[in-house]
$ cat upload_1.cif   # mmCIF, C-alpha atoms; chains and numbers go by the auth columns
data_query
#
loop_
_atom_site.group_PDB
_atom_site.id
_atom_site.type_symbol
_atom_site.label_atom_id
_atom_site.label_comp_id
_atom_site.label_asym_id
_atom_site.label_seq_id
_atom_site.Cartn_x
_atom_site.Cartn_y
_atom_site.Cartn_z
_atom_site.B_iso_or_equiv
_atom_site.auth_seq_id
_atom_site.auth_asym_id
ATOM 1 C CA MET A 1 0.000 0.000 0.000 0.00 18 A
ATOM 2 C CA LYS A 2 1.363 3.409 -0.997 0.00 19 A
ATOM 3 C CA THR A 3 1.681 6.154 1.623 0.00 20 A
ATOM 4 C CA ILE A 4 0.729 9.734 0.817 0.00 21 A
ATOM 5 C CA GLY A 5 1.866 12.362 3.287 0.00 22 A
ATOM 6 C CA VAL A 6 0.036 15.611 3.917 0.00 23 A
ATOM 7 C CA LEU A 7 2.195 18.529 5.050 0.00 24 A
ATOM 8 C CA GLY A 8 0.902 19.174 8.549 0.00 25 A
ATOM 9 C CA ILE A 9 1.412 22.902 9.029 0.00 26 A
ATOM 10 C CA GLN A 10 -1.893 24.463 7.990 0.00 27 A
ATOM 11 C CA GLY A 11 -5.008 23.834 5.934 0.00 28 A
ATOM 12 C CA ALA A 12 -7.575 21.040 5.617 0.00 29 A
ATOM 13 C CA ILE A 13 -5.046 18.347 6.515 0.00 30 A
ATOM 14 C CA GLU A 14 -7.620 15.897 7.865 0.00 31 A
ATOM 15 C CA LYS A 15 -9.846 16.325 4.779 0.00 32 A
ATOM 16 C CA HIS A 16 -6.892 15.454 2.547 0.00 33 A
ATOM 17 C CA LEU A 17 -6.126 12.429 4.736 0.00 34 A
ATOM 18 C CA GLU A 18 -9.757 11.287 4.363 0.00 35 A
ATOM 19 C CA SER A 19 -9.461 11.586 0.566 0.00 36 A
ATOM 20 C CA VAL A 20 -6.175 9.643 0.635 0.00 37 A
ATOM 21 C CA ALA A 21 -7.842 6.831 2.603 0.00 38 A
ATOM 22 C CA ALA A 22 -10.821 6.861 0.203 0.00 39 A
ATOM 23 C CA ILE A 23 -8.515 6.099 -2.756 0.00 40 A
ATOM 24 C CA GLY A 24 -6.969 3.150 -0.914 0.00 41 A
ATOM 25 C CA CYS A 25 -3.693 4.708 0.212 0.00 42 A
ATOM 26 C CA LYS A 26 -2.240 5.122 3.671 0.00 43 A
ATOM 27 C CA GLY A 27 -2.077 8.724 4.882 0.00 44 A
ATOM 28 C CA LEU A 28 0.607 10.290 7.061 0.00 45 A
ATOM 29 C CA TRP A 29 0.546 13.695 8.735 0.00 46 A
ATOM 30 C CA VAL A 30 4.022 15.033 7.774 0.00 47 A
ATOM 31 C CA LYS A 31 5.528 17.138 10.545 0.00 48 A
ATOM 32 C CA THR A 32 9.301 16.606 10.248 0.00 49 A
ATOM 33 C CA ALA A 33 11.962 16.132 7.599 0.00 50 A
ATOM 34 C CA ALA A 34 12.318 12.516 8.814 0.00 51 A
ATOM 35 C CA ASP A 35 8.679 11.903 7.813 0.00 52 A
ATOM 36 C CA LEU A 36 9.645 12.518 4.165 0.00 53 A
ATOM 37 C CA LYS A 37 11.465 9.171 4.142 0.00 54 A
ATOM 38 C CA LYS A 38 8.226 7.363 5.085 0.00 55 A
ATOM 39 C CA ILE A 39 6.077 8.514 2.143 0.00 56 A
ATOM 40 C CA ASP A 40 5.643 7.825 -1.565 0.00 57 A
ATOM 41 C CA GLY A 41 4.114 11.238 -2.342 0.00 58 A
ATOM 42 C CA ILE A 42 3.122 14.457 -0.551 0.00 59 A
ATOM 43 C CA ILE A 43 0.162 16.828 -0.626 0.00 60 A
ATOM 44 C CA LEU A 44 0.884 20.483 0.133 0.00 61 A
ATOM 45 C CA PRO A 45 -2.513 21.761 1.334 0.00 62 A
ATOM 46 C CA GLY A 46 -4.097 25.192 1.295 0.00 63 A
ATOM 47 C CA GLY A 47 -3.733 27.774 4.016 0.00 64 A
ATOM 48 C CA GLU A 48 -1.686 30.958 4.020 0.00 65 A
ATOM 49 C CA SER A 49 1.344 30.436 1.790 0.00 66 A
ATOM 50 C CA THR A 50 3.560 33.089 3.434 0.00 67 A
ATOM 51 C CA SER A 51 2.992 31.554 6.859 0.00 68 A
ATOM 52 C CA ILE A 52 3.543 27.997 5.584 0.00 69 A
ATOM 53 C CA GLY A 53 6.767 29.045 3.844 0.00 70 A
ATOM 54 C CA LYS A 54 8.086 30.724 6.993 0.00 71 A
ATOM 55 C CA GLN A 55 7.245 27.701 9.126 0.00 72 A
ATOM 56 C CA LEU A 56 8.924 25.339 6.642 0.00 73 A
ATOM 57 C CA GLU A 57 12.084 27.413 7.082 0.00 74 A
ATOM 58 C CA TRP A 58 11.768 27.757 10.884 0.00 75 A
ATOM 59 C CA PHE A 59 11.353 23.993 11.341 0.00 76 A
ATOM 60 C CA GLY A 60 14.159 23.108 8.919 0.00 77 A
ATOM 61 C CA MET A 61 11.805 21.467 6.430 0.00 78 A
ATOM 62 C CA MET A 62 12.115 23.730 3.379 0.00 79 A
ATOM 63 C CA ASN A 63 15.397 22.374 1.995 0.00 80 A
ATOM 64 C CA PRO A 64 14.675 18.676 2.704 0.00 81 A
ATOM 65 C CA LEU A 65 11.208 19.044 1.114 0.00 82 A
ATOM 66 C CA ARG A 66 12.616 20.891 -1.911 0.00 83 A
ATOM 67 C CA GLU A 67 15.337 18.257 -2.346 0.00 84 A
ATOM 68 C CA ALA A 68 12.883 15.348 -2.036 0.00 85 A
ATOM 69 C CA ILE A 69 10.590 16.831 -4.696 0.00 86 A
ATOM 70 C CA ALA A 70 13.552 17.738 -6.946 0.00 87 A
ATOM 71 C CA GLN A 71 14.704 14.098 -6.676 0.00 88 A
ATOM 72 C CA GLY A 72 11.287 12.824 -7.796 0.00 89 A
ATOM 73 C CA LEU A 73 8.964 12.665 -4.777 0.00 90 A
ATOM 74 C CA PRO A 74 5.477 13.215 -6.268 0.00 91 A
ATOM 75 C CA ALA A 75 3.914 16.423 -4.902 0.00 92 A
ATOM 76 C CA PHE A 76 0.387 17.800 -5.204 0.00 93 A
ATOM 77 C CA GLY A 77 -0.053 21.442 -4.187 0.00 94 A
ATOM 78 C CA THR A 78 -3.557 22.765 -3.620 0.00 95 A
ATOM 79 C CA CYS A 79 -4.205 26.530 -3.384 0.00 96 A
ATOM 80 C CA ALA A 80 -1.393 27.749 -1.052 0.00 97 A
ATOM 81 C CA GLY A 81 0.439 24.512 -1.883 0.00 98 A
ATOM 82 C CA MET A 82 0.426 25.566 -5.533 0.00 99 A
ATOM 83 C CA ILE A 83 1.925 28.930 -4.568 0.00 100 A
ATOM 84 C CA LEU A 84 4.693 27.141 -2.650 0.00 101 A
ATOM 85 C CA LEU A 85 5.521 24.980 -5.686 0.00 102 A
ATOM 86 C CA ALA A 86 5.572 27.959 -8.093 0.00 103 A
ATOM 87 C CA LYS A 87 8.879 29.194 -9.472 0.00 104 A
ATOM 88 C CA ASP A 88 7.545 32.774 -9.576 0.00 105 A
ATOM 89 C CA ILE A 89 4.912 34.663 -7.569 0.00 106 A
ATOM 90 C CA GLU A 90 3.844 38.049 -8.924 0.00 107 A
ATOM 91 C CA ALA A 91 5.006 40.958 -6.737 0.00 108 A
ATOM 92 C CA CYS A 92 6.162 38.643 -3.964 0.00 109 A
ATOM 93 C CA THR A 93 9.448 37.300 -2.649 0.00 110 A
ATOM 94 C CA GLN A 94 8.068 34.921 -0.013 0.00 111 A
ATOM 95 C CA ALA A 95 9.812 31.653 0.846 0.00 112 A
ATOM 96 C CA ARG A 96 8.777 28.835 -1.474 0.00 113 A
ATOM 97 C CA ILE A 97 9.826 25.498 -2.889 0.00 114 A
ATOM 98 C CA GLY A 98 9.975 27.075 -6.362 0.00 115 A
ATOM 99 C CA LEU A 99 10.329 23.962 -8.547 0.00 116 A
ATOM 100 C CA MET A 100 7.291 24.205 -10.834 0.00 117 A
ATOM 101 C CA ASP A 101 7.708 26.398 -13.920 0.00 118 A
ATOM 102 C CA ILE A 102 4.626 28.538 -13.317 0.00 119 A
ATOM 103 C CA THR A 103 3.994 32.149 -12.370 0.00 120 A
ATOM 104 C CA VAL A 104 1.070 32.671 -10.009 0.00 121 A
ATOM 105 C CA ARG A 105 -0.853 35.628 -8.649 0.00 122 A
ATOM 106 C CA ARG A 106 -2.031 35.288 -5.054 0.00 123 A
ATOM 107 C CA ASN A 107 -5.710 35.924 -4.225 0.00 124 A
ATOM 108 C CA ALA A 108 -6.411 36.531 -7.926 0.00 125 A
ATOM 109 C CA TYR A 109 -10.063 35.535 -7.630 0.00 126 A
ATOM 110 C CA GLY A 110 -10.760 37.970 -4.800 0.00 127 A
ATOM 111 C CA SER A 111 -11.257 37.915 -1.052 0.00 128 A
ATOM 112 C CA GLN A 112 -12.886 35.304 1.170 0.00 129 A
ATOM 113 C CA LEU A 113 -16.283 36.795 0.243 0.00 130 A
ATOM 114 C CA ASP A 114 -15.572 36.089 -3.442 0.00 131 A
ATOM 115 C CA SER A 115 -15.137 32.333 -2.871 0.00 132 A
ATOM 116 C CA PHE A 116 -17.059 30.085 -5.269 0.00 133 A
ATOM 117 C CA ILE A 117 -17.613 26.532 -6.447 0.00 134 A
ATOM 118 C CA THR A 118 -17.626 25.582 -10.111 0.00 135 A
ATOM 119 C CA ASP A 119 -17.433 22.400 -12.167 0.00 136 A
ATOM 120 C CA LEU A 120 -14.294 21.788 -14.221 0.00 137 A
ATOM 121 C CA GLN A 121 -13.523 19.461 -17.085 0.00 138 A
ATOM 122 C CA VAL A 122 -10.180 17.835 -16.281 0.00 139 A
ATOM 123 C CA LYS A 123 -8.028 16.199 -18.929 0.00 140 A
ATOM 124 C CA GLY A 124 -8.058 12.437 -18.395 0.00 141 A
ATOM 125 C CA ILE A 125 -11.090 12.410 -16.046 0.00 142 A
ATOM 126 C CA GLN A 126 -14.551 11.387 -17.243 0.00 143 A
ATOM 127 C CA GLY A 127 -17.199 14.023 -16.472 0.00 144 A
ATOM 128 C CA LYS A 128 -16.711 17.247 -14.563 0.00 145 A
ATOM 129 C CA ILE A 129 -15.291 17.644 -11.059 0.00 146 A
ATOM 130 C CA PRO A 130 -16.408 20.195 -8.451 0.00 147 A
ATOM 131 C CA ALA A 131 -13.763 22.790 -7.591 0.00 148 A
ATOM 132 C CA VAL A 132 -13.865 24.998 -4.487 0.00 149 A
ATOM 133 C CA PHE A 133 -12.018 28.329 -4.920 0.00 150 A
ATOM 134 C CA ILE A 134 -11.229 30.183 -1.659 0.00 151 A
ATOM 135 C CA ARG A 135 -8.989 33.274 -1.930 0.00 152 A
ATOM 136 C CA ALA A 136 -7.528 31.319 -4.801 0.00 153 A
ATOM 137 C CA PRO A 137 -4.314 31.970 -6.688 0.00 154 A
ATOM 138 C CA ARG A 138 -4.338 32.033 -10.474 0.00 155 A
ATOM 139 C CA ILE A 139 -1.699 30.748 -12.844 0.00 156 A
ATOM 140 C CA GLU A 140 -0.612 33.637 -15.049 0.00 157 A
ATOM 141 C CA LYS A 141 2.116 31.861 -17.005 0.00 158 A
ATOM 142 C CA CYS A 142 3.221 28.271 -17.622 0.00 159 A
ATOM 143 C CA GLY A 143 6.571 27.045 -18.876 0.00 160 A
ATOM 144 C CA ARG A 144 6.614 24.837 -21.973 0.00 161 A
ATOM 145 C CA ASN A 145 7.023 21.630 -19.916 0.00 162 A
ATOM 146 C CA VAL A 146 3.893 22.317 -17.852 0.00 163 A
ATOM 147 C CA GLU A 147 0.776 20.433 -18.957 0.00 164 A
ATOM 148 C CA ILE A 148 -2.537 22.253 -18.451 0.00 165 A
ATOM 149 C CA LEU A 149 -5.146 19.795 -17.135 0.00 166 A
ATOM 150 C CA ALA A 150 -8.014 22.249 -16.483 0.00 167 A
ATOM 151 C CA SER A 151 -8.800 25.925 -16.985 0.00 168 A
ATOM 152 C CA HIS A 152 -11.342 28.411 -15.665 0.00 169 A
ATOM 153 C CA LYS A 153 -12.153 31.577 -17.627 0.00 170 A
ATOM 154 C CA ASP A 154 -9.114 31.142 -19.884 0.00 171 A
ATOM 155 C CA HIS A 155 -6.627 30.682 -17.028 0.00 172 A
ATOM 156 C CA PRO A 156 -5.018 27.353 -16.074 0.00 173 A
ATOM 157 C CA VAL A 157 -6.184 26.165 -12.647 0.00 174 A
ATOM 158 C CA LEU A 158 -4.825 22.599 -12.655 0.00 175 A
ATOM 159 C CA VAL A 159 -1.393 21.743 -14.059 0.00 176 A
ATOM 160 C CA ARG A 160 1.206 18.993 -14.018 0.00 177 A
ATOM 161 C CA GLN A 161 4.975 19.075 -14.544 0.00 178 A
ATOM 162 C CA LYS A 162 7.021 15.893 -14.136 0.00 179 A
ATOM 163 C CA ASN A 163 6.327 14.617 -10.597 0.00 180 A
ATOM 164 C CA MET A 164 4.334 17.715 -9.545 0.00 181 A
ATOM 165 C CA MET A 165 0.652 18.559 -9.833 0.00 182 A
ATOM 166 C CA ALA A 166 -0.895 21.836 -8.673 0.00 183 A
ATOM 167 C CA ALA A 167 -4.440 23.162 -8.325 0.00 184 A
ATOM 168 C CA SER A 168 -5.718 26.685 -7.637 0.00 185 A
ATOM 169 C CA PHE A 169 -8.652 25.157 -5.773 0.00 186 A
ATOM 170 C CA HIS A 170 -9.452 22.761 -2.909 0.00 187 A
ATOM 171 C CA PRO A 171 -10.414 19.266 -4.133 0.00 188 A
ATOM 172 C CA GLU A 172 -10.403 17.963 -0.553 0.00 189 A
ATOM 173 C CA LEU A 173 -13.481 20.049 0.319 0.00 190 A
ATOM 174 C CA THR A 174 -15.746 17.940 -1.906 0.00 191 A
ATOM 175 C CA GLU A 175 -16.773 14.291 -1.809 0.00 192 A
ATOM 176 C CA ASP A 176 -15.186 13.729 -5.244 0.00 193 A
ATOM 177 C CA THR A 177 -11.839 11.949 -4.853 0.00 194 A
ATOM 178 C CA ARG A 178 -10.978 11.575 -8.553 0.00 195 A
ATOM 179 C CA LEU A 179 -8.269 14.255 -8.415 0.00 196 A
ATOM 180 C CA HIS A 180 -6.635 12.579 -5.424 0.00 197 A
ATOM 181 C CA ALA A 181 -6.830 9.293 -7.361 0.00 198 A
ATOM 182 C CA CYS A 182 -5.139 11.017 -10.318 0.00 199 A
ATOM 183 C CA PHE A 183 -2.328 12.057 -7.946 0.00 200 A
ATOM 184 C CA GLY A 184 -2.193 8.530 -6.530 0.00 201 A
ATOM 185 C CA GLN A 185 -1.487 7.248 -10.043 0.00 202 A
ATOM 186 C CA MET A 186 1.647 9.436 -10.108 0.00 203 A
ATOM 187 C CA LEU A 187 3.224 7.497 -7.214 0.00 204 A
#

$ encode --input "upload_1.cif" --output "structure tokens"
Amino acid sequence: MKTIGVLGIQGAIEKHLESVAAIGCKGLWVKTAADLKKIDGIILPGGESTSIGKQLEWFGMMNPLREAIAQGLPAFGTCAGMILLAKDIEACTQARIGLMDITVRRNAYGSQLDSFITDLQVKGIQGKIPAVFIRAPRIEKCGRNVEILASHKDHPVLVRQKNMMAASFHPELTEDTRLHACFGQML
């Protein structure tokens, strides 16, 4: 049985762990660099990306996490997790993993009051999936090796590059686990 870790700093960690269990994988709440050796893939959940980045540095996890992903550990960033994976963040120099060749804009869809749910057609998935956008980032630019899996209003919102997948939205806040299953297939 494959083990998918969920970075345990902030966000809907337990919801991600429920989704991981629903697709038949073991879940692990990742709190230390040593935990990275116990997993086959990692989910970087939503939350506040600046705070998560600072805490990764404070707890000595940023470099080990970056190295593990650079060496092939599959990673799935959702919302703030996508920001952490991004190579570039518009008008921001916050701490980040920075391995995915995308440029993102934080809170591009508005404030908490502007949150919304929409259905997306995702490449490789039959039918549409529900997507929950909460203070969501938007991908403004993708490198040529980044595959766009879904878009919303002409902007990519779900992408994949090598061993990394990133979503502007929160798939864990729905009952639909097909996106987690898609990540599970990357392990």

$ residues_around --input "upload_1.cif" --residues "segment 117-131 of chain A" --least-positions-apart "5" --cutoff "6 Å" --atoms "all atoms listed in the file" --output "compact mmCIF listing (two decimals) with C-alpha atoms, keeping the file's coordinate frame"
# COMPACT_ATOMS: atom_id res chain seq x y z
CA LEU A 102 5.52 24.98 -5.69
CA ALA A 103 5.57 27.96 -8.09
CA LYS A 104 8.88 29.19 -9.47
CA ASP A 105 7.54 32.77 -9.58
CA ILE A 106 4.91 34.66 -7.57
CA GLU A 107 3.84 38.05 -8.92
CA ARG A 152 -8.99 33.27 -1.93
CA ALA A 153 -7.53 31.32 -4.80
CA PRO A 154 -4.31 31.97 -6.69
CA ARG A 155 -4.34 32.03 -10.47
CA ILE A 156 -1.70 30.75 -12.84
CA GLU A 157 -0.61 33.64 -15.05
CA LYS A 158 2.12 31.86 -17.00
CA CYS A 159 3.22 28.27 -17.62
CA GLY A 160 6.57 27.04 -18.88

$ resolve_selection --input "upload_1.cif" --expression "the PyMOL selection byres ((chain A and resi 167) around 9)" --output "ChimeraX atom specification"
/A:137-140,165-166,168-169,172-176,184

$ residues_around --input "upload_1.cif" --residues "Lys43 of chain A" --least-positions-apart "6" --cutoff "7 Å" --atoms "only C-alpha atoms" --output "list in words"
Met18, Lys19, Thr20, Ile21 and Val37 of chain A

$ resolve_selection --input "upload_1.cif" --expression "the PyMOL selection byres ((chain A and resi 80-83) around 10)" --output "PyMOL selection string"
chain A and resi 24+49-51+53+59+73-74+77-79+84-88+90+92+102+113-116

$ atom_distance --input "upload_1.cif" --atom1 "atom CA of Thr191 of chain A" --atom2 "atom CA of Ser66 of chain A"
21.5 Å

$ closest_residue --input "upload_1.cif" --among "A:Ser68, A:Ser132, A:Asn162, A:Gln143" --to "Cys199 of chain A" --atoms "all atoms listed in the file"
A:Gln143

$ resolve_selection --input "upload_1.cif" --expression "the PyMOL selection byres ((chain A and resi 61-65) around 9)" --output "number ranges by chain"
A: 22-30, 33, 59-60, 66-70, 92-99, 101-102, 186-187, 189

$ atom_distance --input "upload_1.cif" --atom1 "atom CA of Asp193 of chain A" --atom2 "atom CA of Ile146 of chain A"
7.0 Å
